[in-house]
$ cat work11.cif   # mmCIF, C-alpha atoms
data_query
loop_
_atom_site.label_atom_id
_atom_site.label_comp_id
_atom_site.auth_asym_id
_atom_site.auth_seq_id
_atom_site.Cartn_x
_atom_site.Cartn_y
_atom_site.Cartn_z
CA MET A 1 58.54 15.35 10.51
CA ILE A 2 58.07 12.29 12.72
CA HIS A 3 59.90 12.64 16.02
CA VAL A 4 61.18 9.44 17.60
CA ALA A 5 62.49 8.64 21.08
CA LEU A 6 64.78 5.66 21.50
CA ALA A 7 65.49 3.74 24.72
CA ASP A 8 68.09 0.96 24.77
CA ASP A 9 70.90 0.32 27.23
CA HIS A 10 73.31 -0.98 24.58
CA ALA A 11 75.02 2.19 23.36
CA ILE A 12 76.39 0.81 20.10
CA LEU A 13 73.08 -0.70 19.10
CA ARG A 14 71.16 2.41 20.17
CA LYS A 15 73.44 4.66 18.13
CA GLY A 16 73.12 2.32 15.18
CA VAL A 17 69.33 2.33 15.31
CA ALA A 18 69.33 6.11 15.67
CA GLU A 19 71.48 6.45 12.57
CA ILE A 20 69.21 4.12 10.62
CA ILE A 21 66.11 6.10 11.63
CA SER A 22 67.82 9.36 10.64
CA THR A 23 68.15 8.02 7.09
CA PHE A 24 64.37 7.58 6.79
CA ASP A 25 62.63 10.45 4.99
CA GLY A 26 60.69 12.65 7.39
CA MET A 27 62.00 11.05 10.61
CA SER A 28 64.28 12.34 13.33
CA VAL A 29 65.48 10.88 16.64
CA VAL A 30 64.95 13.61 19.24
CA ILE A 31 65.57 11.61 22.42
CA GLU A 32 68.09 8.87 23.19
CA ALA A 33 67.96 7.18 26.59
CA GLU A 34 70.00 4.41 28.18
CA THR A 35 67.29 3.33 30.63
CA GLY A 36 63.56 3.54 31.06
CA LYS A 37 63.95 6.01 33.91
CA GLU A 38 66.11 8.24 31.75
CA LEU A 39 63.51 8.14 28.97
CA LEU A 40 60.73 9.19 31.35
CA ALA A 41 62.88 12.01 32.74
CA GLN A 42 63.58 13.32 29.24
CA LEU A 43 59.91 13.08 28.27
CA GLU A 44 58.89 15.07 31.34
CA LYS A 45 61.12 18.00 30.38
CA ALA A 46 60.62 17.79 26.62
CA HIS A 47 59.24 20.92 24.94
CA ARG A 48 57.67 18.72 22.30
CA LEU A 49 56.81 15.08 22.92
CA PRO A 50 58.00 12.49 20.39
CA ASP A 51 55.41 10.82 18.22
CA VAL A 52 56.79 7.34 18.83
CA CYS A 53 58.94 5.78 21.54
CA VAL A 54 61.00 2.80 20.40
CA ILE A 55 61.69 0.82 23.56
CA ASP A 56 63.87 -2.20 24.30
CA ILE A 57 62.59 -4.80 26.77
CA ASN A 58 65.73 -5.75 28.67
CA MET A 59 67.02 -2.58 30.34
CA PRO A 60 68.48 -1.99 33.83
CA GLU A 61 66.65 -0.05 36.55
CA MET A 62 63.35 -0.07 34.66
CA ASN A 63 62.53 -2.70 32.07
CA GLY A 64 60.63 -2.18 28.84
CA TYR A 65 57.32 -3.43 30.23
CA ASP A 66 57.26 -0.93 33.10
CA THR A 67 58.61 1.84 30.88
CA THR A 68 55.92 1.23 28.26
CA ALA A 69 53.17 1.20 30.87
CA ALA A 70 54.45 4.48 32.34
CA VAL A 71 54.66 6.18 28.93
CA ARG A 72 51.17 5.08 27.94
CA ARG A 73 49.76 6.12 31.32
CA GLN A 74 51.34 9.61 31.39
CA TRP A 75 51.33 10.40 27.67
CA PRO A 76 48.62 8.25 26.01
CA GLN A 77 49.02 10.12 22.73
CA VAL A 78 52.59 8.84 22.37
CA LYS A 79 52.83 5.52 20.53
CA VAL A 80 55.17 2.77 21.68
CA LEU A 81 57.00 0.32 19.45
CA ALA A 82 58.83 -2.55 21.15
CA LEU A 83 62.22 -3.34 19.60
CA SER A 84 63.60 -6.54 21.06
CA MET A 85 65.71 -9.63 20.48
CA PHE A 86 63.07 -11.77 22.21
CA ASP A 87 60.47 -13.44 20.00
CA THR A 88 58.63 -15.58 22.56
CA ASP A 89 54.88 -15.33 23.03
CA LEU A 90 55.25 -14.29 26.67
CA ASN A 91 57.49 -11.31 25.85
CA ILE A 92 55.16 -10.13 23.10
CA ILE A 93 52.07 -10.59 25.28
CA LYS A 94 53.61 -8.68 28.20
CA MET A 95 54.58 -5.73 26.01
CA LEU A 96 51.15 -5.57 24.38
CA ARG A 97 49.47 -5.76 27.79
CA ALA A 98 51.70 -2.90 28.93
CA GLY A 99 50.33 -0.82 26.05
CA ALA A 100 52.77 -1.26 23.17
CA ASN A 101 51.28 -0.52 19.75
CA GLY A 102 53.60 -2.89 17.94
CA TYR A 103 56.50 -5.31 18.28
CA ILE A 104 59.51 -5.79 16.03
CA LEU A 105 62.71 -7.81 16.34
CA LYS A 106 66.18 -6.29 16.33
CA ASP A 107 67.30 -8.54 13.51
CA ASN A 108 64.58 -7.29 11.16
CA ASP A 109 65.48 -5.27 8.09
CA PRO A 110 65.66 -1.45 8.45
CA GLU A 111 62.71 -1.19 6.07
CA ASP A 112 60.62 -3.18 8.57
CA LEU A 113 61.50 -0.65 11.26
CA ARG A 114 60.44 2.23 9.02
CA ASN A 115 57.16 0.47 8.24
CA ALA A 116 56.60 -0.25 11.93
CA ILE A 117 57.01 3.40 12.93
CA HIS A 118 54.63 4.51 10.20
CA GLY A 119 52.25 1.71 11.12
CA VAL A 120 51.81 2.67 14.77
CA LEU A 121 51.24 6.29 13.78
CA GLN A 122 48.85 5.73 10.89
CA HIS A 123 46.91 2.74 12.16
CA ASN A 124 47.57 2.78 15.93
CA TYR A 125 49.22 -0.61 15.58
CA TYR A 126 51.87 -2.46 13.65
CA HIS A 127 51.73 -6.13 12.89
CA SER A 128 54.31 -8.55 11.55
CA GLU A 129 54.59 -12.31 11.40
CA LEU A 130 54.89 -12.19 15.21
CA VAL A 131 51.55 -10.49 15.85
CA SER A 132 48.27 -10.95 14.06
CA GLY A 133 47.23 -7.61 12.64
CA ARG A 134 43.54 -8.45 12.97
CA LEU A 135 43.85 -9.37 16.63
CA LEU A 136 46.06 -6.40 17.46
CA HIS A 137 43.59 -4.06 15.78
CA GLN A 138 40.73 -5.63 17.72
CA LEU A 139 42.70 -5.35 20.96
CA HIS A 140 43.25 -1.59 20.55
CA ALA A 141 39.73 -1.08 19.18
CA GLY A 142 38.39 -2.53 22.41
CA GLU A 143 36.15 -5.15 20.85
CA ASP A 144 34.79 -7.33 23.63
CA LYS A 145 32.57 -10.01 22.14
CA ILE A 146 33.28 -13.52 23.38
CA ALA A 147 32.62 -16.40 21.03
CA THR A 148 29.49 -18.21 22.19
CA ASP A 149 31.00 -21.68 21.72
CA ILE A 150 33.77 -21.16 24.29
CA ASN A 151 33.04 -22.98 27.54
CA GLU A 152 33.94 -21.96 31.09
CA LYS A 153 37.10 -24.11 31.28
CA GLU A 154 38.33 -22.70 28.00
CA LEU A 155 37.72 -19.17 29.28
CA GLN A 156 39.79 -19.95 32.38
CA PHE A 157 42.54 -21.34 30.16
CA LEU A 158 42.44 -18.21 27.97
CA LYS A 159 42.87 -15.98 31.01
CA LEU A 160 45.87 -17.99 32.19
CA CYS A 161 47.43 -17.70 28.73
CA CYS A 162 48.01 -14.02 29.57
CA SER A 163 50.17 -14.99 32.53
CA GLU A 164 53.80 -16.06 32.65
CA LEU A 165 52.85 -19.65 33.46
CA THR A 166 53.97 -22.41 31.13
CA TYR A 167 51.34 -24.73 29.67
CA LYS A 168 52.43 -27.37 32.20
CA GLU A 169 51.98 -24.90 35.08
CA ILE A 170 48.57 -23.88 33.70
CA ALA A 171 47.57 -27.56 33.76
CA GLU A 172 48.67 -27.83 37.39
CA GLN A 173 46.76 -24.69 38.39
CA MET A 174 43.62 -25.92 36.65
CA HIS A 175 44.08 -29.42 38.14
CA LEU A 176 44.06 -30.94 34.69
CA SER A 177 46.44 -33.10 32.70
CA PRO A 178 48.84 -31.48 30.19
CA ARG A 179 47.07 -33.49 27.48
CA THR A 180 43.74 -31.88 28.39
CA ILE A 181 45.36 -28.44 28.25
CA ASP A 182 46.80 -29.28 24.84
CA GLY A 183 43.26 -30.16 23.78
CA TYR A 184 41.92 -26.79 24.98
CA ARG A 185 44.69 -25.01 23.09
CA GLU A 186 44.02 -26.81 19.81
CA GLU A 187 40.25 -26.33 20.12
CA LEU A 188 40.69 -22.61 20.74
CA PHE A 189 43.15 -22.27 17.88
CA GLU A 190 40.39 -23.56 15.60
CA LYS A 191 37.52 -21.62 17.22
CA LEU A 192 39.38 -18.30 17.25
CA SER A 193 41.35 -18.73 14.00
CA VAL A 194 44.71 -18.15 15.71
CA THR A 195 47.91 -20.17 15.64
CA SER A 196 49.88 -19.13 18.71
CA ARG A 197 49.67 -18.38 22.41
CA THR A 198 50.04 -14.71 21.53
CA GLY A 199 46.81 -14.93 19.54
CA LEU A 200 45.00 -16.62 22.43
CA ALA A 201 46.24 -14.04 24.94
CA MET A 202 45.31 -11.10 22.74
CA TYR A 203 41.80 -12.48 22.33
CA ALA A 204 41.55 -12.83 26.12
CA MET A 205 42.76 -9.24 26.62
CA ARG A 206 40.31 -7.70 24.18
CA ALA A 207 37.50 -9.80 25.64
CA GLY A 208 38.22 -8.42 29.11
CA LEU A 209 39.17 -11.78 30.59
CA THR A 210 42.20 -10.37 32.38
CA ASN A 211 43.14 -7.18 34.19
#
$ encode --input "work11.cif" --output "structure tokens"
Amino acid sequence: MIHVALADDHAILRKGVAEIISTFDGMSVVIEAETGKELLAQLEKAHRLPDVCVIDINMPEMNGYDTTAAVRRQWPQVKVLALSMFDTDLNIIKMLRAGANGYILKDNDPEDLRNAIHGVLQHNYYHSELVSGRLLHQLHAGEDKIATDINEKELQFLKLCCSELTYKEIAEQMHLSPRTIDGYREELFEKLSVTSRTGLAMYAMRAGLTN
């Protein structure tokens, strides 16, 4: 039996997700929490830890990023799956940096959720169209080789891709034109075989270019 904890401040949605998970063979929701703080409190007193925590990003008191980081720090054996309505690169990057093993949208099919839970348990990660499976696997595997054809400016750009800065703000910080930054992005897309800022940021994280 796979035991799942669920944290989401929207009661109707949380109950709905819990009911969906309960219909999956071999799965059971053992913890439901309205906030990140409540989830941590329930984990601390749990007789048996859940196998997976499904965590929303936008919660009061303690958001999904901080909650994920706390879970992974205190209970590294517990996997975390982000379940969110946000599909932007920055949200995905922040959750992966916090330690999430996968990321899925709330409007996905229930079957995708089932596959995601199995994925983080069986493979330590789950990938969808939002996250490159190869890069996510490399990130958690700790591979740290940097492509030899990446220059110093491109490395600086990669590091800043892990921040919350927009491309325009990255250009300002690097004292370069937005067009030059666009050129770095397109060059790195080709060099690293990625197609999004998420891919660039994940490469930077696994290469140790950011804290």
$ residues_around --input "work11.cif" --residues "Ala33 of chain A" --least-positions-apart "2" --cutoff "10 Å" --atoms "all atoms listed in the file" --output "list in words"
Ala5, Leu6, Ala7, Asp8, Asp9, His10, Ala11, Arg14, Ile31, Thr35, Gly36, Lys37, Glu38, Leu39, Leu40, Ala41, Gln42 and Ile55 of chain A
$ closest_residue --input "work11.cif" --among "A:Val78, A:Ile20, A:Leu200, A:Val29" --to "Leu90 of chain A" --atoms "all atoms listed in the file"
A:Leu200
$ atom_distance --input "work11.cif" --atom1 "atom CA of Leu105 of chain A" --atom2 "atom CA of Met85 of chain A"
5.4 Å
$ closest_residue --input "work11.cif" --among "A:Val52, A:Val120, A:Leu160, A:Ile21" --to "Val71 of chain A" --atoms "all atoms listed in the file"
A:Val52
$ closest_residue --input "work11.cif" --among "A:Lys94, A:Arg72, A:His3, A:His118" --to "Arg197 of chain A" --atoms "only C-alpha atoms"
A:Lys94
